[in-house]
file protein35.pdb (PDB, C-alpha atoms)
ATOM      1  CA  MET A 636      63.542 -82.839  26.417
ATOM      2  CA  LEU A 637      61.859 -79.544  25.517
ATOM      3  CA  GLU A 638      58.256 -79.122  26.503
ATOM      4  CA  GLU A 639      55.858 -77.888  23.873
ATOM      5  CA  LYS A 640      55.056 -74.264  24.735
ATOM      6  CA  GLU A 641      52.406 -71.959  23.413
ATOM      7  CA  ALA A 642      53.692 -68.731  21.899
ATOM      8  CA  ARG A 643      51.641 -65.577  22.261
ATOM      9  CA  ARG A 644      52.173 -61.921  21.573
ATOM     10  CA  VAL A 645      53.188 -59.752  24.509
ATOM     11  CA  LYS A 646      50.591 -57.153  25.514
ATOM     12  CA  ARG A 647      51.291 -53.438  25.580
ATOM     13  CA  ALA A 648      49.298 -50.609  27.132
ATOM     14  CA  VAL A 649      50.362 -47.110  26.172
ATOM     15  CA  ILE A 650      49.895 -44.053  28.353
ATOM     16  CA  LYS A 651      49.853 -40.786  26.438
ATOM     17  CA  GLU A 652      50.007 -37.453  28.221
ATOM     18  CA  GLU A 653      47.683 -35.827  25.713
ATOM     19  CA  TYR A 654      44.913 -38.375  26.362
ATOM     20  CA  ILE A 655      45.220 -37.890  30.112
ATOM     21  CA  ALA A 656      44.919 -34.130  29.499
ATOM     22  CA  ILE A 657      41.597 -34.499  27.657
ATOM     23  CA  THR A 658      40.045 -37.327  29.691
ATOM     24  CA  GLY A 659      41.322 -36.372  33.142
ATOM     25  CA  ASP A 660      41.722 -40.062  33.977
ATOM     26  CA  LEU A 661      44.603 -42.498  33.497
ATOM     27  CA  THR A 662      42.449 -45.550  32.733
ATOM     28  CA  GLU A 663      40.209 -43.615  30.341
ATOM     29  CA  ALA A 664      43.332 -42.342  28.566
ATOM     30  CA  ILE A 665      44.618 -45.900  28.124
ATOM     31  CA  ILE A 666      41.200 -47.101  26.892
ATOM     32  CA  LEU A 667      40.976 -44.180  24.445
ATOM     33  CA  ASN A 668      44.430 -44.995  23.096
ATOM     34  CA  GLN A 669      43.396 -48.635  22.672
ATOM     35  CA  MET A 670      40.194 -47.656  20.848
ATOM     36  CA  ILE A 671      42.132 -45.387  18.485
ATOM     37  CA  TYR A 672      44.550 -48.274  17.890
ATOM     38  CA  TRP A 673      41.673 -50.600  16.953
ATOM     39  CA  SER A 674      39.885 -47.981  14.857
ATOM     40  CA  GLU A 675      42.934 -47.881  12.578
ATOM     41  CA  ARG A 676      42.708 -51.641  12.100
ATOM     42  CA  VAL A 677      39.040 -52.067  11.171
ATOM     43  CA  SER A 678      38.378 -53.437   7.714
ATOM     44  CA  ASP A 679      36.529 -50.267   6.641
ATOM     45  CA  PHE A 680      39.128 -47.769   7.908
ATOM     46  CA  ASP A 681      39.261 -45.850   4.607
ATOM     47  CA  LYS A 682      35.478 -45.442   4.637
ATOM     48  CA  PHE A 683      35.648 -44.432   8.314
ATOM     49  CA  ILE A 684      38.135 -41.629   7.534
ATOM     50  CA  GLU A 685      36.037 -40.497   4.557
ATOM     51  CA  GLU A 686      32.949 -40.430   6.785
ATOM     52  CA  GLU A 687      34.771 -38.295   9.366
ATOM     53  CA  LYS A 688      35.825 -35.870   6.603
ATOM     54  CA  GLN A 689      32.216 -35.574   5.437
ATOM     55  CA  ARG A 690      31.067 -34.852   8.984
ATOM     56  CA  CYS A 691      33.550 -31.964   9.114
ATOM     57  CA  GLU A 692      32.792 -30.557   5.696
ATOM     58  CA  ALA A 693      28.995 -30.964   5.785
ATOM     59  CA  THR A 694      28.235 -27.713   7.566
ATOM     60  CA  GLY A 695      31.396 -25.748   6.926
ATOM     61  CA  GLU A 696      31.564 -24.275  10.423
ATOM     62  CA  ALA A 697      30.612 -27.094  12.746
ATOM     63  CA  VAL A 698      30.724 -30.848  12.713
ATOM     64  CA  ASP A 699      27.490 -32.327  11.345
ATOM     65  CA  MET A 700      26.496 -34.845  14.002
ATOM     66  CA  ASN A 701      23.339 -35.802  12.086
ATOM     67  CA  LEU A 702      25.141 -37.825   9.416
ATOM     68  CA  PRO A 703      24.686 -41.566   9.973
ATOM     69  CA  LEU A 704      27.720 -43.366  11.408
ATOM     70  CA  LEU A 705      28.188 -46.434   9.225
ATOM     71  CA  ASN A 706      31.886 -47.294   9.327
ATOM     72  CA  GLY A 707      34.669 -47.785  11.836
ATOM     73  CA  TRP A 708      32.734 -49.738  14.481
ATOM     74  CA  ILE A 709      34.712 -51.893  16.923
ATOM     75  CA  HIS A 710      33.174 -54.857  18.799
ATOM     76  CA  LYS A 711      34.547 -54.696  22.325
ATOM     77  CA  SER A 712      33.272 -55.752  25.737
ATOM     78  CA  ALA A 713      34.453 -54.249  29.018
ATOM     79  CA  ALA A 714      35.979 -57.639  29.905
ATOM     80  CA  GLU A 715      37.958 -57.712  26.642
ATOM     81  CA  MET A 716      39.129 -54.154  27.207
ATOM     82  CA  LYS A 717      40.167 -54.958  30.793
ATOM     83  CA  ASP A 718      42.262 -57.849  29.495
ATOM     84  CA  GLU A 719      43.795 -55.812  26.661
ATOM     85  CA  ILE A 720      44.924 -52.945  28.872
ATOM     86  CA  MET A 721      45.953 -55.323  31.684
ATOM     87  CA  SER A 722      43.929 -53.338  34.192
ATOM     88  CA  MET A 723      43.700 -54.301  37.834
ATOM     89  CA  GLU A 724      40.302 -52.563  37.983
ATOM     90  CA  SER A 725      37.071 -54.545  37.826
ATOM     91  CA  VAL A 726      35.099 -55.185  34.648
ATOM     92  CA  LYS A 727      32.351 -52.924  36.057
ATOM     93  CA  THR A 728      34.854 -50.096  36.520
ATOM     94  CA  ILE A 729      36.112 -50.531  32.954
ATOM     95  CA  GLY A 730      32.464 -50.404  31.823
ATOM     96  CA  ARG A 731      32.030 -47.119  33.706
ATOM     97  CA  LYS A 732      35.196 -45.733  32.097
ATOM     98  CA  LEU A 733      33.818 -46.652  28.662
ATOM     99  CA  ASN A 734      30.532 -44.925  29.613
ATOM    100  CA  ASN A 735      32.489 -41.808  30.612
ATOM    101  CA  LEU A 736      34.255 -41.749  27.239
ATOM    102  CA  VAL A 737      30.862 -42.007  25.527
ATOM    103  CA  LYS A 738      29.459 -39.174  27.679
ATOM    104  CA  LYS A 739      32.488 -37.007  26.888
ATOM    105  CA  GLY A 740      31.849 -37.620  23.184
ATOM    106  CA  PHE A 741      35.160 -39.360  22.440
ATOM    107  CA  LEU A 742      33.376 -42.642  21.646
ATOM    108  CA  GLU A 743      30.034 -43.455  20.029
ATOM    109  CA  ARG A 744      28.272 -46.619  21.194
ATOM    110  CA  ARG A 745      25.542 -48.817  19.779
ATOM    111  CA  ASN A 746      24.121 -52.320  19.950
ATOM    112  CA  ASN A 747      24.892 -54.646  17.063
ATOM    113  CA  PRO A 748      22.343 -53.687  14.366
ATOM    114  CA  GLN A 749      22.662 -57.081  12.626
ATOM    115  CA  SER A 750      22.014 -59.245  15.690
ATOM    116  CA  LEU A 751      19.533 -58.530  18.454
ATOM    117  CA  TYR A 752      21.039 -61.384  20.483
ATOM    118  CA  ASP A 753      24.547 -59.933  20.509
ATOM    119  CA  HIS A 754      24.786 -57.988  23.778
ATOM    120  CA  LYS A 755      28.359 -56.808  23.201
ATOM    121  CA  TYR A 756      28.497 -53.084  22.470
ATOM    122  CA  GLN A 757      30.093 -51.672  19.374
ATOM    123  CA  TYR A 758      32.178 -48.525  19.723
ATOM    124  CA  ARG A 759      33.304 -45.933  17.223
ATOM    125  CA  VAL A 760      36.016 -43.352  17.840
ATOM    126  CA  ASN A 761      34.902 -39.745  17.298
ATOM    127  CA  LEU A 762      38.098 -38.407  15.732
ATOM    128  CA  ILE A 763      36.680 -34.912  15.302
ATOM    129  CA  LYS A 764      35.827 -34.574  19.006
ATOM    130  CA  ILE A 765      39.235 -35.973  20.009
ATOM    131  CA  ILE A 766      41.101 -33.649  17.636
ATOM    132  CA  ASP A 767      39.157 -30.622  18.922
ATOM    133  CA  ALA A 768      39.779 -31.569  22.567
ATOM    134  CA  LEU A 769      43.489 -32.134  21.928
ATOM    135  CA  TYR A 770      43.760 -28.850  20.017
ATOM    136  CA  SER A 771      42.158 -26.948  22.893
ATOM    137  CA  LYS A 772      44.864 -28.347  25.217
ATOM    138  CA  GLY A 773      47.705 -27.599  22.787
ATOM    139  CA  TYR A 774      48.163 -31.132  21.414
ATOM    140  CA  SER A 775      47.593 -32.855  18.093
ATOM    141  CA  LEU A 776      46.429 -36.366  17.239
ATOM    142  CA  GLU A 777      49.557 -38.325  16.424
ATOM    143  CA  GLY A 778      49.577 -39.736  12.901
ATOM    144  CA  TYR A 779      46.821 -37.433  11.584
ATOM    145  CA  ARG A 780      46.968 -34.103   9.824
ATOM    146  CA  VAL A 781      44.232 -31.538  10.321
ATOM    147  CA  ASP A 782      44.045 -28.466   8.094
ATOM    148  CA  PHE A 783      42.690 -25.521  10.071
ATOM    149  CA  SER A 784      41.472 -22.385   8.322
ATOM    150  CA  GLU A 785      44.411 -20.095   7.625
ATOM    151  CA  GLN A 786      42.247 -17.056   6.944
ATOM    152  CA  THR A 787      40.481 -16.749  10.277
ATOM    153  CA  GLY A 788      43.116 -18.325  12.493
ATOM    154  CA  ASP A 789      40.554 -20.636  14.064
ATOM    155  CA  LYS A 790      39.301 -24.182  13.533
ATOM    156  CA  ASN A 791      36.381 -23.496  11.187
ATOM    157  CA  ASP A 792      37.826 -25.591   8.370
ATOM    158  CA  ASN A 793      38.401 -29.000   9.971
ATOM    159  CA  SER A 794      39.677 -30.839   6.926
ATOM    160  CA  LEU A 795      40.766 -34.210   8.307
ATOM    161  CA  SER A 796      43.169 -36.341   6.360
ATOM    162  CA  GLU A 797      44.693 -39.654   7.293
ATOM    163  CA  ASN A 798      48.463 -39.442   7.188
ATOM    164  CA  MET A 799      49.806 -42.401   9.126
ATOM    165  CA  SER A 800      53.460 -42.356   8.019
ATOM    166  CA  GLU A 801      54.164 -38.618   8.414
ATOM    167  CA  ASN A 802      55.057 -37.109  11.799
ATOM    168  CA  THR A 803      54.321 -33.513  12.671
ATOM    169  CA  GLU A 804      57.106 -31.008  13.203
ATOM    170  CA  GLY A 805      56.402 -30.904  16.936
ATOM    171  CA  GLN A 806      56.723 -34.652  17.220
ATOM    172  CA  ASN A 807      60.089 -34.548  15.436
ATOM    173  CA  VAL A 808      61.348 -31.932  17.885
ATOM    174  CA  GLN A 809      60.140 -34.085  20.772
ATOM    175  CA  SER A 810      61.904 -37.136  19.291
ATOM    176  CA  LYS A 811      65.189 -35.235  19.010
ATOM    177  CA  GLY A 812      64.911 -34.378  22.691
ATOM    178  CA  GLN A 813      64.315 -38.022  23.530
ATOM    179  CA  ASN A 814      67.432 -39.036  21.580
ATOM    180  CA  VAL A 815      69.552 -36.582  23.576
ATOM    181  CA  GLN A 816      68.083 -37.967  26.782
ATOM    182  CA  SER A 817      68.799 -41.546  25.630
ATOM    183  CA  LYS A 818      72.455 -40.745  24.951
ATOM    184  CA  GLY A 819      72.763 -39.413  28.461
ATOM    185  CA  GLN A 820      71.217 -42.571  29.873
ATOM    186  CA  ASN A 821      73.583 -44.820  27.903
TER     187      ASN A 821
END

call {"tool": "encode", "arguments": {"input": "protein35.pdb", "output": "structure tokens"}}
result
Amino acid sequence: MLEEKEARRVKRAVIKEEYIAITGDLTEAIILNQMIYWSERVSDFDKFIEEEKQRCEATGEAVDMNLPLLNGWIHKSAAEMKDEIMSMESVKTIGRKLNNLVKKGFLERRNNPQSLYDHKYQYRVNLIKIIDALYSKGYSLEGYRVDFSEQTGDKNDNSLSENMSENTEGQNVQSKGQNVQSKGQN
């Protein structure tokens, strides 16, 4: 007789070279990837992207960090993050890694403004900071298109647009290389 079993989704933790390049730490890179994953699944994602665009366009030359951050907040504890990324590190260490990402400017953090009794932090991905850091290392943020100023050849015009289904040319080239490698493995 078959026992009744509980079905659950299998966990995945993704390591991306570009996130290691900007964080300098494997665990921070995995956490950053997870936070970006969740930021794309918040109920106010469209408003979040619009808010990030406004931050870029507000000053013309630099990101306006004085605009209030209203959308795109993720409720996540260090214990939940530890479980999600299947880390062998302690909850305290995961908390320190989250603190490091906040200090580096890749994440914003706040207490829940609606409940003083909720001690779980809320985090918000700073897409502009991540895109700038990736650009400085020669990478792009997968799934997003950033229009840089063509006239000056620099990043003065950070026009961010969400483009989840379109891959960049560089990613297509990389994929072709992976297909060749796969054929060799088969």

call {"tool": "closest_residue", "arguments": {"input": "protein35.pdb", "among": "A:Lys764, A:Lys739, A:Arg759, A:His754", "to": "Gln669 of chain A", "atoms": "only C-alpha atoms"}}
result
A:Arg759

call {"tool": "atom_distance", "arguments": {"input": "protein35.pdb", "atom1": "atom CA of Ala664 of chain A", "atom2": "atom CA of Leu769 of chain A"}}
result
12.2 Å

call {"tool": "axis_aligned_box", "arguments": {"input": "protein35.pdb", "around": "segment 770-784 of chain A", "padding_each_side": "6 Å", "output": "JSON"}}
result
{"center_x": 45.5, "center_y": -31.1, "center_z": 16.7, "size_x": 20.1, "size_y": 29.4, "size_z": 29.1}

call {"tool": "resolve_selection", "arguments": {"input": "protein35.pdb", "expression": "the PyMOL selection byres ((chain A and resi 653) around 9)", "output": "PyMOL selection string"}}
result
chain A and resi 650-652+654-658+664+769+772-776

call {"tool": "closest_residue", "arguments": {"input": "protein35.pdb", "among": "A:Val781, A:Ala768, A:Val645, A:Ile666", "to": "Ser722 of chain A", "atoms": "all atoms listed in the file"}}
result
A:Ile666

call {"tool": "atom_distance", "arguments": {"input": "protein35.pdb", "atom1": "atom CA of Ile720 of chain A", "atom2": "atom CA of Tyr770 of chain A"}}
result
25.7 Å

call {"tool": "atom_distance", "arguments": {"input": "protein35.pdb", "atom1": "atom CA of Thr662 of chain A", "atom2": "atom CA of Ile729 of chain A"}}
result
8.1 Å

call {"tool": "closest_residue", "arguments": {"input": "protein35.pdb", "among": "A:Val677, A:Lys711, A:Asp718, A:Asp767", "to": "Arg647 of chain A", "atoms": "only C-alpha atoms"}}
result
A:Asp718

call {"tool": "closest_residue", "arguments": {"input": "protein35.pdb", "among": "A:Arg731, A:His710, A:Lys646, A:Arg676", "to": "Lys755 of chain A", "atoms": "all atoms listed in the file"}}
result
A:His710

call {"tool": "closest_residue", "arguments": {"input": "protein35.pdb", "among": "A:Tyr756, A:Ser674, A:Gly778, A:Glu743", "to": "Ala713 of chain A", "atoms": "all atoms listed in the file"}}
result
A:Tyr756

call {"tool": "residues_near_point", "arguments": {"input": "protein35.pdb", "point": "(26.2, -46.8, 18.2)", "cutoff": "7 Å", "atoms": "only C-alpha atoms", "output": "list in words"}}
result
Glu743, Arg744, Arg745, Asn746, Gln757 and Tyr758 of chain A

call {"tool": "closest_residue", "arguments": {"input": "protein35.pdb", "among": "A:Met670, A:Ala714, A:Leu661, A:Ile709", "to": "Val726 of chain A", "atoms": "all atoms listed in the file"}}
result
A:Ala714
